[in-house]
Amino acid sequence: MASPAERSGRQVSRAIDALRRGQPVVIRDGKAAVTVLAVELAEDDTLAALDAAAPADVLITASRAATLKLVNQLAAASGPVRIGRVPWLDLAAAVALADPVFDLTRPLKGPFAARDVGAADAADAAIQLAKLAGLLPALFIREAVKDDREAPHVTPGDVASYVAPDRLRIVSRAHLPIAQSDKSMLVAFRGVPEQGEHLALLVGGAPAHDTTPLVRLHSECLTGDVLGSLKCDCGPQLHAALDAMAAAGGGILLYLRQEGRGIGLLNKLRAYALQDQGFDTVDANLRLGFAIDERDFRIAARMLNLLNIDTVRLLSNNPEKVEGLQAAGIKVAERVSLALPSNPHNAHYLATKRDRTGHIL
Ligand SMILES: Nc1nc2c(ncn2[C@@H]2O[C@H](COP(=O)(O)OP(=O)(O)OP(=O)(O)O)[C@@H](O)[C@H]2O)c(=O)[nH]1
Ligand SMILES: [Zn+2]
């Protein structure tokens, strides 16, 4: 029989799957319960079915609300913002609220009225589920009714346990000779299925017990790692890190499935589209409704724990990685910088990292 934790995990998986298929989900927090539907995938019929019980409002994040200049209406602007539904706020208008791609060409008319978000933990969990589903963080929301009982039901606690780093396990390991060292090994981890399998590449094999290994936290970047994008520095950093580890006699590269600083590939491309309009990497994330950086470095710390590593020499220019690891109990004995020459396409991106996200470059 499934344990309570397994049953709760299965419900969260079902809820994420439902959101991805454009179906509603119920989030229950004590006596309060809300029903949500992702704006991005809503259709006329699914929205009409949701609205049948009572017109559903629109839930967006604080950063999206700030972009839309809605925050000054609110006392607490750090959590999600619930926009009251008015007749002209139809599906197309809600999509425009959620998706910034048309912000410049078709400015939103309004006026929008922010209402009390109600069950705040349930609203937070709804936004987190949309992010786990790889969608824009915007949902239709109304109080749940009896007819919603077919939809997957979750609690904020279920969602928090689902993403807890201690769920991560090592599943498999094998030799993986690479150009820099034919003794390397690859270790695969299973955690949150929607995030993909995190990997640890042990360059030169398992590190000796008496050394402090050189470690790199590399966040997935399909465009840079695989396609040779010149917009970022990920591909060259990946290869330079492997070279540095080989030169040091070994090291560990954690390949974290945190594409686009945790917003996913589709949303990163949306951020790139905004960058084509002139916004920088920070503002693009905020306009989409995300945090500047959505990554959880406790996952990397948990991977290091499972590899029996408690102290590292970290290859990075990002002080937040150092702080994130240390807060999760990993000692960073030294930060080793990993800066590479810029090119005309990534010079502005690197300057933004230096000037706005505290990278030491
Ligand atoms: N959302 C978003 N993600 C981006 C953008 N450019 C690159 N990325 C992602 O940023 C991540 C790269 O970060 P890293 O190189 O691991 O880390 P960092 O924060 O730059 O810090 P370093 O350790 O100094 O390299 C990858 O997941 C990329 O996909 C962008 O413009 N928008
Ligand atoms: Zn990149």
# chains A, B, ... in the order shown; residues from 1 in each chain; ligands from 1
$ residues_near_ligand --ligand "ligand 2" --cutoff "6 Å" --atoms "only C-alpha atoms and all ligand atoms" --output "list in words"
Cys221, Gly224, Cys232, Asp233 and Cys234 of chain A
$ closest_atom_pairs --of "chain A" --to "ligand 1" --cutoff "8 Å" --atoms "only C-alpha atoms and all ligand atoms" --output "JSON lines"
{"residue": "A:Arg216", "atom": "CA", "partner": "ligand 1", "partner_atom_place_in_ligand_line": "23 (O)", "distance": 7.3}
{"residue": "A:Leu217", "atom": "CA", "partner": "ligand 1", "partner_atom_place_in_ligand_line": "16 (O)", "distance": 6.1}
{"residue": "A:His218", "atom": "CA", "partner": "ligand 1", "partner_atom_place_in_ligand_line": "16 (O)", "distance": 4.3}
{"residue": "A:Ser219", "atom": "CA", "partner": "ligand 1", "partner_atom_place_in_ligand_line": "16 (O)", "distance": 4.1}
{"residue": "A:Glu220", "atom": "CA", "partner": "ligand 1", "partner_atom_place_in_ligand_line": "27 (O)", "distance": 4.6}
{"residue": "A:Cys221", "atom": "CA", "partner": "ligand 1", "partner_atom_place_in_ligand_line": "29 (O)", "distance": 3.6}
{"residue": "A:Leu222", "atom": "CA", "partner": "ligand 1", "partner_atom_place_in_ligand_line": "29 (O)", "distance": 6.8}
{"residue": "A:Thr223", "atom": "CA", "partner": "ligand 1", "partner_atom_place_in_ligand_line": "29 (O)", "distance": 7.3}
{"residue": "A:Gly224", "atom": "CA", "partner": "ligand 1", "partner_atom_place_in_ligand_line": "29 (O)", "distance": 7.3}
{"residue": "A:Lys231", "atom": "CA", "partner": "ligand 1", "partner_atom_place_in_ligand_line": "6 (N)", "distance": 7.0}
{"residue": "A:Cys232", "atom": "CA", "partner": "ligand 1", "partner_atom_place_in_ligand_line": "6 (N)", "distance": 5.4}
{"residue": "A:Asp233", "atom": "CA", "partner": "ligand 1", "partner_atom_place_in_ligand_line": "15 (O)", "distance": 6.7}
{"residue": "A:Cys234", "atom": "CA", "partner": "ligand 1", "partner_atom_place_in_ligand_line": "15 (O)", "distance": 5.2}
{"residue": "A:Gln237", "atom": "CA", "partner": "ligand 1", "partner_atom_place_in_ligand_line": "25 (O)", "distance": 6.9}
{"residue": "A:Arg257", "atom": "CA", "partner": "ligand 1", "partner_atom_place_in_ligand_line": "27 (O)", "distance": 7.8}
{"residue": "A:Gln258", "atom": "CA", "partner": "ligand 1", "partner_atom_place_in_ligand_line": "27 (O)", "distance": 5.4}
{"residue": "A:Glu259", "atom": "CA", "partner": "ligand 1", "partner_atom_place_in_ligand_line": "27 (O)", "distance": 4.0}
{"residue": "A:Gly260", "atom": "CA", "partner": "ligand 1", "partner_atom_place_in_ligand_line": "3 (N)", "distance": 3.3}
{"residue": "A:Arg261", "atom": "CA", "partner": "ligand 1", "partner_atom_place_in_ligand_line": "27 (O)", "distance": 4.2}
{"residue": "A:Gly262", "atom": "CA", "partner": "ligand 1", "partner_atom_place_in_ligand_line": "27 (O)", "distance": 6.5}
{"residue": "A:Ile263", "atom": "CA", "partner": "ligand 1", "partner_atom_place_in_ligand_line": "1 (N)", "distance": 6.1}
{"residue": "A:Gly264", "atom": "CA", "partner": "ligand 1", "partner_atom_place_in_ligand_line": "1 (N)", "distance": 7.8}
{"residue": "A:Leu265", "atom": "CA", "partner": "ligand 1", "partner_atom_place_in_ligand_line": "29 (O)", "distance": 7.6}
{"residue": "A:Asn267", "atom": "CA", "partner": "ligand 1", "partner_atom_place_in_ligand_line": "1 (N)", "distance": 7.2}
{"residue": "A:Lys268", "atom": "CA", "partner": "ligand 1", "partner_atom_place_in_ligand_line": "1 (N)", "distance": 4.8}
{"residue": "A:Leu269", "atom": "CA", "partner": "ligand 1", "partner_atom_place_in_ligand_line": "32 (N)", "distance": 7.9}
{"residue": "A:Ala271", "atom": "CA", "partner": "ligand 1", "partner_atom_place_in_ligand_line": "32 (N)", "distance": 5.7}
{"residue": "A:Tyr272", "atom": "CA", "partner": "ligand 1", "partner_atom_place_in_ligand_line": "31 (O)", "distance": 6.0}
{"residue": "A:Gln275", "atom": "CA", "partner": "ligand 1", "partner_atom_place_in_ligand_line": "31 (O)", "distance": 7.5}
{"residue": "A:Asp280", "atom": "CA", "partner": "ligand 1", "partner_atom_place_in_ligand_line": "31 (O)", "distance": 7.3}
{"residue": "A:Thr281", "atom": "CA", "partner": "ligand 1", "partner_atom_place_in_ligand_line": "31 (O)", "distance": 4.2}
{"residue": "A:Val282", "atom": "CA", "partner": "ligand 1", "partner_atom_place_in_ligand_line": "32 (N)", "distance": 7.3}
{"residue": "A:Ala284", "atom": "CA", "partner": "ligand 1", "partner_atom_place_in_ligand_line": "32 (N)", "distance": 7.2}
{"residue": "A:Asn285", "atom": "CA", "partner": "ligand 1", "partner_atom_place_in_ligand_line": "1 (N)", "distance": 5.8}
{"residue": "A:Ile292", "atom": "CA", "partner": "ligand 1", "partner_atom_place_in_ligand_line": "1 (N)", "distance": 7.5}
{"residue": "A:Asp293", "atom": "CA", "partner": "ligand 1", "partner_atom_place_in_ligand_line": "1 (N)", "distance": 7.3}
{"residue": "A:Leu315", "atom": "CA", "partner": "ligand 1", "partner_atom_place_in_ligand_line": "23 (O)", "distance": 6.6}
{"residue": "A:Ser316", "atom": "CA", "partner": "ligand 1", "partner_atom_place_in_ligand_line": "23 (O)", "distance": 3.6}
{"residue": "A:Asn317", "atom": "CA", "partner": "ligand 1", "partner_atom_place_in_ligand_line": "24 (O)", "distance": 3.4}
{"residue": "A:Asn318", "atom": "CA", "partner": "ligand 1", "partner_atom_place_in_ligand_line": "24 (O)", "distance": 4.2}
{"residue": "A:Pro319", "atom": "CA", "partner": "ligand 1", "partner_atom_place_in_ligand_line": "24 (O)", "distance": 8.0}
{"residue": "A:Glu320", "atom": "CA", "partner": "ligand 1", "partner_atom_place_in_ligand_line": "19 (O)", "distance": 7.8}
{"residue": "A:Lys321", "atom": "CA", "partner": "ligand 1", "partner_atom_place_in_ligand_line": "23 (O)", "distance": 7.0}
{"residue": "A:Ser337", "atom": "CA", "partner": "ligand 1", "partner_atom_place_in_ligand_line": "24 (O)", "distance": 7.4}
{"residue": "A:Leu338", "atom": "CA", "partner": "ligand 1", "partner_atom_place_in_ligand_line": "24 (O)", "distance": 6.5}
{"residue": "A:Ala339", "atom": "CA", "partner": "ligand 1", "partner_atom_place_in_ligand_line": "24 (O)", "distance": 7.4}
{"residue": "A:Tyr349", "atom": "CA", "partner": "ligand 1", "partner_atom_place_in_ligand_line": "31 (O)", "distance": 7.2}
{"residue": "A:Lys353", "atom": "CA", "partner": "ligand 1", "partner_atom_place_in_ligand_line": "20 (O)", "distance": 7.2}
{"residue": "A:His359", "atom": "CA", "partner": "ligand 1", "partner_atom_place_in_ligand_line": "24 (O)", "distance": 6.3}
{"residue": "A:Ile360", "atom": "CA", "partner": "ligand 1", "partner_atom_place_in_ligand_line": "24 (O)", "distance": 7.6}
$ closest_atom_pairs --of "region 263-353 of chain A" --to "region 74-97 of chain A" --cutoff "12 Å" --atoms "only C-alpha atoms" --output "Markdown table"
| residue | atom | partner | partner_atom | distance |
| --- | --- | --- | --- | --- |
| A:Arg287 | CA | A:Leu97 | CA | 10.5 |
| A:Leu288 | CA | A:Leu97 | CA | 9.9 |
| A:Gly289 | CA | A:Pro80 | CA | 9.8 |
| A:Phe290 | CA | A:Pro80 | CA | 11.1 |
| A:Ala291 | CA | A:Ser78 | CA | 10.8 |
$ write_last_selection --atoms "N, CA and C atoms" --output "mmCIF file, in the first residue's frame"
data_model
loop_
_atom_site.group_PDB
_atom_site.id
_atom_site.type_symbol
_atom_site.label_atom_id
_atom_site.label_comp_id
_atom_site.auth_asym_id
_atom_site.auth_seq_id
_atom_site.Cartn_x
_atom_site.Cartn_y
_atom_site.Cartn_z
ATOM 1 N N ARG A 287 9.231 40.764 -15.714
ATOM 2 C CA ARG A 287 8.037 41.052 -16.530
ATOM 3 C C ARG A 287 7.205 39.803 -16.755
ATOM 4 N N LEU A 288 7.899 38.650 -16.833
ATOM 5 C CA LEU A 288 7.179 37.382 -17.029
ATOM 6 C C LEU A 288 6.483 36.914 -15.748
ATOM 7 N N GLY A 289 6.819 37.568 -14.633
ATOM 8 C CA GLY A 289 6.188 37.178 -13.368
ATOM 9 C C GLY A 289 7.055 36.271 -12.517
ATOM 10 N N PHE A 290 8.307 36.076 -12.922
ATOM 11 C CA PHE A 290 9.197 35.224 -12.136
ATOM 12 C C PHE A 290 10.100 36.076 -11.247
ATOM 13 N N ALA A 291 10.774 35.392 -10.300
ATOM 14 C CA ALA A 291 11.849 36.042 -9.563
ATOM 15 C C ALA A 291 13.038 36.169 -10.519
#
$ select_by_dssp --residues "region 167-317 of chain A" --states "strand (DSSP E or B)" --output "number ranges by chain"
A: 169-175, 178, 181, 185-190, 199-203, 214-219, 251-256, 311-315
$ residues_around --residues "Leu168 (chain A)" --least-positions-apart "6" --cutoff "10 Å" --atoms "only C-alpha atoms" --output "PyMOL selection string"
chain A and resi 189-192+197-198+299+302-303+306
$ write_last_selection --atoms "C-alpha atoms" --output "PDB file, in the first residue's frame"
ATOM      1  CA  PHE A 189      19.725  11.430  -9.143  1.00  0.00           C
ATOM      2  CA  ARG A 190      15.956  11.219  -9.018  1.00  0.00           C
ATOM      3  CA  GLY A 191      14.008  14.032  -7.370  1.00  0.00           C
ATOM      4  CA  VAL A 192      11.055  16.021  -8.649  1.00  0.00           C
ATOM      5  CA  GLU A 197      17.306  13.991 -13.512  1.00  0.00           C
ATOM      6  CA  HIS A 198      20.097  15.990 -11.898  1.00  0.00           C
ATOM      7  CA  ILE A 299      19.269  20.647  -4.348  1.00  0.00           C
ATOM      8  CA  ARG A 302      21.673  17.592  -1.057  1.00  0.00           C
ATOM      9  CA  MET A 303      23.534  16.050  -4.035  1.00  0.00           C
ATOM     10  CA  LEU A 306      24.655  12.094  -0.986  1.00  0.00           C
TER      11      LEU A 306
END
